[in-house]
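To start, the structure under review is shown below, and the notes come after it.
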Amino acid sequence: MKTLFRFIGKVIKGIWKIITFTRLALANLLFIAAIVIIYFSFSQVDSKDQATVVNKEPKALVLNLSGKIVEGRSFVNPMDSLTGSLLGKDMPQENVLYDIRETIRHAASDNNVSGLVLSLKRMPETNLTKLRYIAKALNEFKSSGKPIYAIGDFYNQSQYYLASYADKIYLSPDGGVLLKGYSSYTLYYKTLLDNLDVNTHVFKVGTYKSAVEPFTRNNMSKPAKEAASVWLGQLWGAYVDDVARNRHIDKATLNPSMDEFLAEFESADGSLAQLALQLKMVDTLATRQEARAAMIDAFGGDEENGYKAVDYYTYKDQIAQPEAHSDNEIAVIVASGAIMDGKQQGRSVGGDTTAALIRKARLDDKVKALVLRVDSPGGSAFASEVIRNEIVAFKATNRPVVVSMSSLAASGGYWISMSADEILAQPTTLTGSIGIFSVITTLEKGLNKYGVYSDGLGTSPLSGVGLTAGMNDGAKRAMQLGIENGYRRFTGLVAENRHLDPKAVESIAEGRVWTGQDAVERGLVDSIGDFDDALVRAASLAKIDTYSLNWLQKSLTPAQQFLQDFSKRISVSAGIDINSWLPSSLMPLASKVQQDLSLMSEFNDPKGYYTLCLPCQVE
């Protein structure tokens, strides 16, 4: 009888397991089906919305950029992005610089585009080098004879820079223009580390290599201030020159002393908008309704539907064409972000990932030249050398490599650039910072304070060195010798690849940061030029007249792409943003601390040697 009951019990359990499995499988299938339906329903809505815009009626193109302007699109972990979206945290929108330029240029020759409206209130502060590349496209648009208008309630520094290229700037009567200049500030943690009884062991070469100062000082050193004052002044001078020329005003107007500013502000009765009008920084003070009416007069339309316009994102999607590949290709690889060892996917440059892309270009017979677009403060010395070695291997096939420096190509960013056949930079590019360092923190002092000690035996002099035991004098000396060797290797490679005298390299190295213009004069860069110029040089060196661009990047799998696209869509209607829990007054501080801690946590060089320009993050 017991055997029978056991048998029946097993049968029932088996049936129940089958039912449970079937139920879960059906539930999962329904869930996946629901996601697919939602995804494609959104896609159809998007396509319908786009279809309604496609007609031959002339319209203004509204440049309503929202989110960061980047050199290459970042691919975050799809599951992280999906989780963030479900928690109400929007995916950060990115605008690829090359896409912006191409879209504006296409609009210049498009008879269905009657003008350009700069509506930039959602565009954050952006580096001047990237802004100048967009401005180049704006000037080309103006040369087509079509008007450019800028409308805004308030202009930050970057927004106003682009607005200055407009034929007419509208500003809200209750708005303003705020130009703060450029600065390089960082947080210093020495006293905090001392209070936490954390020992910080610093090894470096280079008088101006100030990336380690936040861990060893409470303020910026005199050499660091001396170097930063030069390039900061050059960047701000370039900004002022461009805007003053666009607005036909005296440069002194944009660069007043505090007393001069207060006197002007008082004469404007404390109104930022009136001050901007008074200084001829804007043309007209207009409410949103008045600005809309002005755009209706310029481009047609009516009060109910507004002026005839198409937004940037819709227009960009409309004109997108599949990349046409030919037998002659110029491969383009973007190295944007801190350089890390291994494979990286996201906002970092992976040594293995980038090297694999260069190798892919090397093994493709259609690729006749390589353009490496660099926008990096550096990072791992080992990973930088991995990338450089692959560039040397590409050159060994008798095909040219041209480096196009964006806003930043310093330290490791310069390391991966120096072996190219030609290096082009913009006058406002920050480069150089040829130096190397290592930072090791140990906790033995804090542990001892609370009665915790480290003791034991080891088989070699370095066996006991570590986080809890600290560093002995021999280990410190060995680390410094290694750093000095790394520095000699860095400067030696610069001298060899740039055909410079080693003594001349010493005089321009030591971690000092140079602008692109100064770097040309010192032989670190070949010539001034933007990405367009780099393509021209690459084609010339490869001796090809016609070519197509082959943008090489690590791509997502179809499943990863689906999850990422889906997360972007559901983020629109998600719930509470966790960031909103933090008081707004603390957001800048929290962001800065998070940035510093994130950078420290990502240090992953196998030997702990870094070539990084931390002060190059201009605000």
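Within each chain, counting starts at residue 1; across the structure tokens, chains are named A, B, ... in the order shown, with ligands numbered 1 upward in that order.
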Note to self: Report as a VMD selection string all protein, DNA and RNA residues lying within 12 Å of Lys168 in chain A, evaluated on only C-alpha atoms, omitting residues in the same chain fewer than 4 positions from it.
What the structure shows: chain A and resid 116 to 118 147 to 152 162 to 164 246 to 247 280 to 286 291 294 to 295 298
Next item on the list: List the neighbours of range 435-449 of chain A out to 6 Å using only C-alpha atoms; skip same-chain residues closer than 3 positions along the sequence, and give me the result as an NGL selection string.
Entry: :A and (197-206 or 452-453 or 467-470 or 487 or 510-511 or 608-611)
Check: Which one is closest to Phe261 in chain A: A:Leu408, A:Leu97, A:Val212, A:Leu178? Count only C-alpha atoms.
Finding: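 Nearest candidate to Phe261 in chain A out of A:Leu408, A:Leu97, A:Val212, A:Leu178: A:Leu178.
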Notebook entry, point to check: In Å to one decimal, how far is CA of Gly342 in chain A from CA of Ala369 in chain A?
Noted result: 25.2 Å
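For the atom pair formed by CA of Ser527 in chain A and CA of Asp375 in chain A, the distance is 17.1 Å, given to one decimal.
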Proximity check range 268-333 of chain A to range 403-407 of chain A, 12 Å, nearest pairs one decimal Å, only C-alpha atoms, as CSV:
residue,atom,partner,partner_atom,distance
A:Ala331,CA,A:Val403,CA,11.7
A:Val332,CA,A:Val403,CA,9.9
A:Ile333,CA,A:Val403,CA,9.8
Next item on the list: Find the distance between CA of Ile483 in chain A and CA of Trp415 in chain A and write it in Å to one decimal.
Entry: 15.5 Å
Item checked: Pick from A:Asp194, A:Asp153, A:Asp327, A:Asp269 nearest to Val177 in chain A, counting only C-alpha atoms ->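 Answer, going by the shortest atom-to-atom distance: A:Asp153.
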Might you pull out every residue within 12 Å of Gly237 in chain A, with only C-alpha atoms counted and same-chain residues fewer than 6 positions away left off, and present them as an mmCIF file with N, CA, C and O atoms, in the first residue's frame?
data_model
loop_
_atom_site.group_PDB
_atom_site.id
_atom_site.type_symbol
_atom_site.label_atom_id
_atom_site.label_comp_id
_atom_site.auth_asym_id
_atom_site.auth_seq_id
_atom_site.Cartn_x
_atom_site.Cartn_y
_atom_site.Cartn_z
ATOM 1 N N LEU A 128 34.945 73.166 -26.105
ATOM 2 C CA LEU A 128 35.024 74.144 -27.194
ATOM 3 C C LEU A 128 35.434 73.503 -28.514
ATOM 4 O O LEU A 128 34.952 73.903 -29.587
ATOM 5 N N GLY A 181 33.497 81.468 -18.080
ATOM 6 C CA GLY A 181 34.886 81.198 -18.404
ATOM 7 C C GLY A 181 35.191 79.722 -18.210
ATOM 8 O O GLY A 181 34.307 78.918 -17.908
ATOM 9 N N TYR A 182 36.460 79.359 -18.388
ATOM 10 C CA TYR A 182 36.883 77.966 -18.213
ATOM 11 C C TYR A 182 37.668 77.821 -16.923
ATOM 12 O O TYR A 182 38.373 78.743 -16.496
ATOM 13 N N SER A 229 47.231 77.589 -16.019
ATOM 14 C CA SER A 229 46.868 78.968 -16.349
ATOM 15 C C SER A 229 47.126 79.269 -17.825
ATOM 16 O O SER A 229 46.415 80.073 -18.437
ATOM 17 N N VAL A 230 48.132 78.615 -18.401
ATOM 18 C CA VAL A 230 48.472 78.865 -19.811
ATOM 19 C C VAL A 230 47.380 78.322 -20.727
ATOM 20 O O VAL A 230 46.823 79.049 -21.557
ATOM 21 N N TRP A 231 47.061 77.018 -20.585
ATOM 22 C CA TRP A 231 46.095 76.452 -21.533
ATOM 23 C C TRP A 231 44.670 76.895 -21.254
ATOM 24 O O TRP A 231 43.863 77.009 -22.184
ATOM 25 N N VAL A 243 33.292 84.436 -30.400
ATOM 26 C CA VAL A 243 32.006 85.070 -30.113
ATOM 27 C C VAL A 243 32.041 86.558 -30.459
ATOM 28 O O VAL A 243 31.089 87.101 -31.044
ATOM 29 N N ALA A 244 33.131 87.233 -30.102
ATOM 30 C CA ALA A 244 33.249 88.668 -30.395
ATOM 31 C C ALA A 244 33.197 88.916 -31.901
ATOM 32 O O ALA A 244 32.562 89.870 -32.361
ATOM 33 N N LYS A 251 36.086 92.458 -27.663
ATOM 34 C CA LYS A 251 36.394 91.294 -26.831
ATOM 35 C C LYS A 251 36.325 91.624 -25.347
ATOM 36 O O LYS A 251 35.974 90.762 -24.527
ATOM 37 N N ALA A 252 36.638 92.848 -25.003
ATOM 38 C CA ALA A 252 36.606 93.248 -23.592
ATOM 39 C C ALA A 252 35.193 93.146 -23.019
ATOM 40 O O ALA A 252 35.011 92.950 -21.813
ATOM 41 N N LEU A 254 33.161 90.770 -23.374
ATOM 42 C CA LEU A 254 32.923 89.397 -22.917
ATOM 43 C C LEU A 254 33.864 88.972 -21.802
ATOM 44 O O LEU A 254 33.723 87.873 -21.267
ATOM 45 N N ASN A 255 34.795 89.838 -21.458
ATOM 46 C CA ASN A 255 35.788 89.465 -20.458
ATOM 47 C C ASN A 255 36.007 90.590 -19.449
ATOM 48 O O ASN A 255 37.131 91.049 -19.247
ATOM 49 N N PRO A 427 43.365 73.870 -32.475
ATOM 50 C CA PRO A 427 44.097 74.797 -31.597
ATOM 51 C C PRO A 427 43.702 74.640 -30.134
ATOM 52 O O PRO A 427 44.526 74.853 -29.237
ATOM 53 N N THR A 428 42.447 74.257 -29.884
ATOM 54 C CA THR A 428 41.960 74.144 -28.502
ATOM 55 C C THR A 428 42.019 72.718 -27.961
ATOM 56 O O THR A 428 41.505 72.444 -26.877
#
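Candidate residues A:Val536, A:Lys607, A:Phe141, A:Ala410 were compared for distance to Met479 in chain A, and the nearest is A:Lys607, using only C-alpha atoms.
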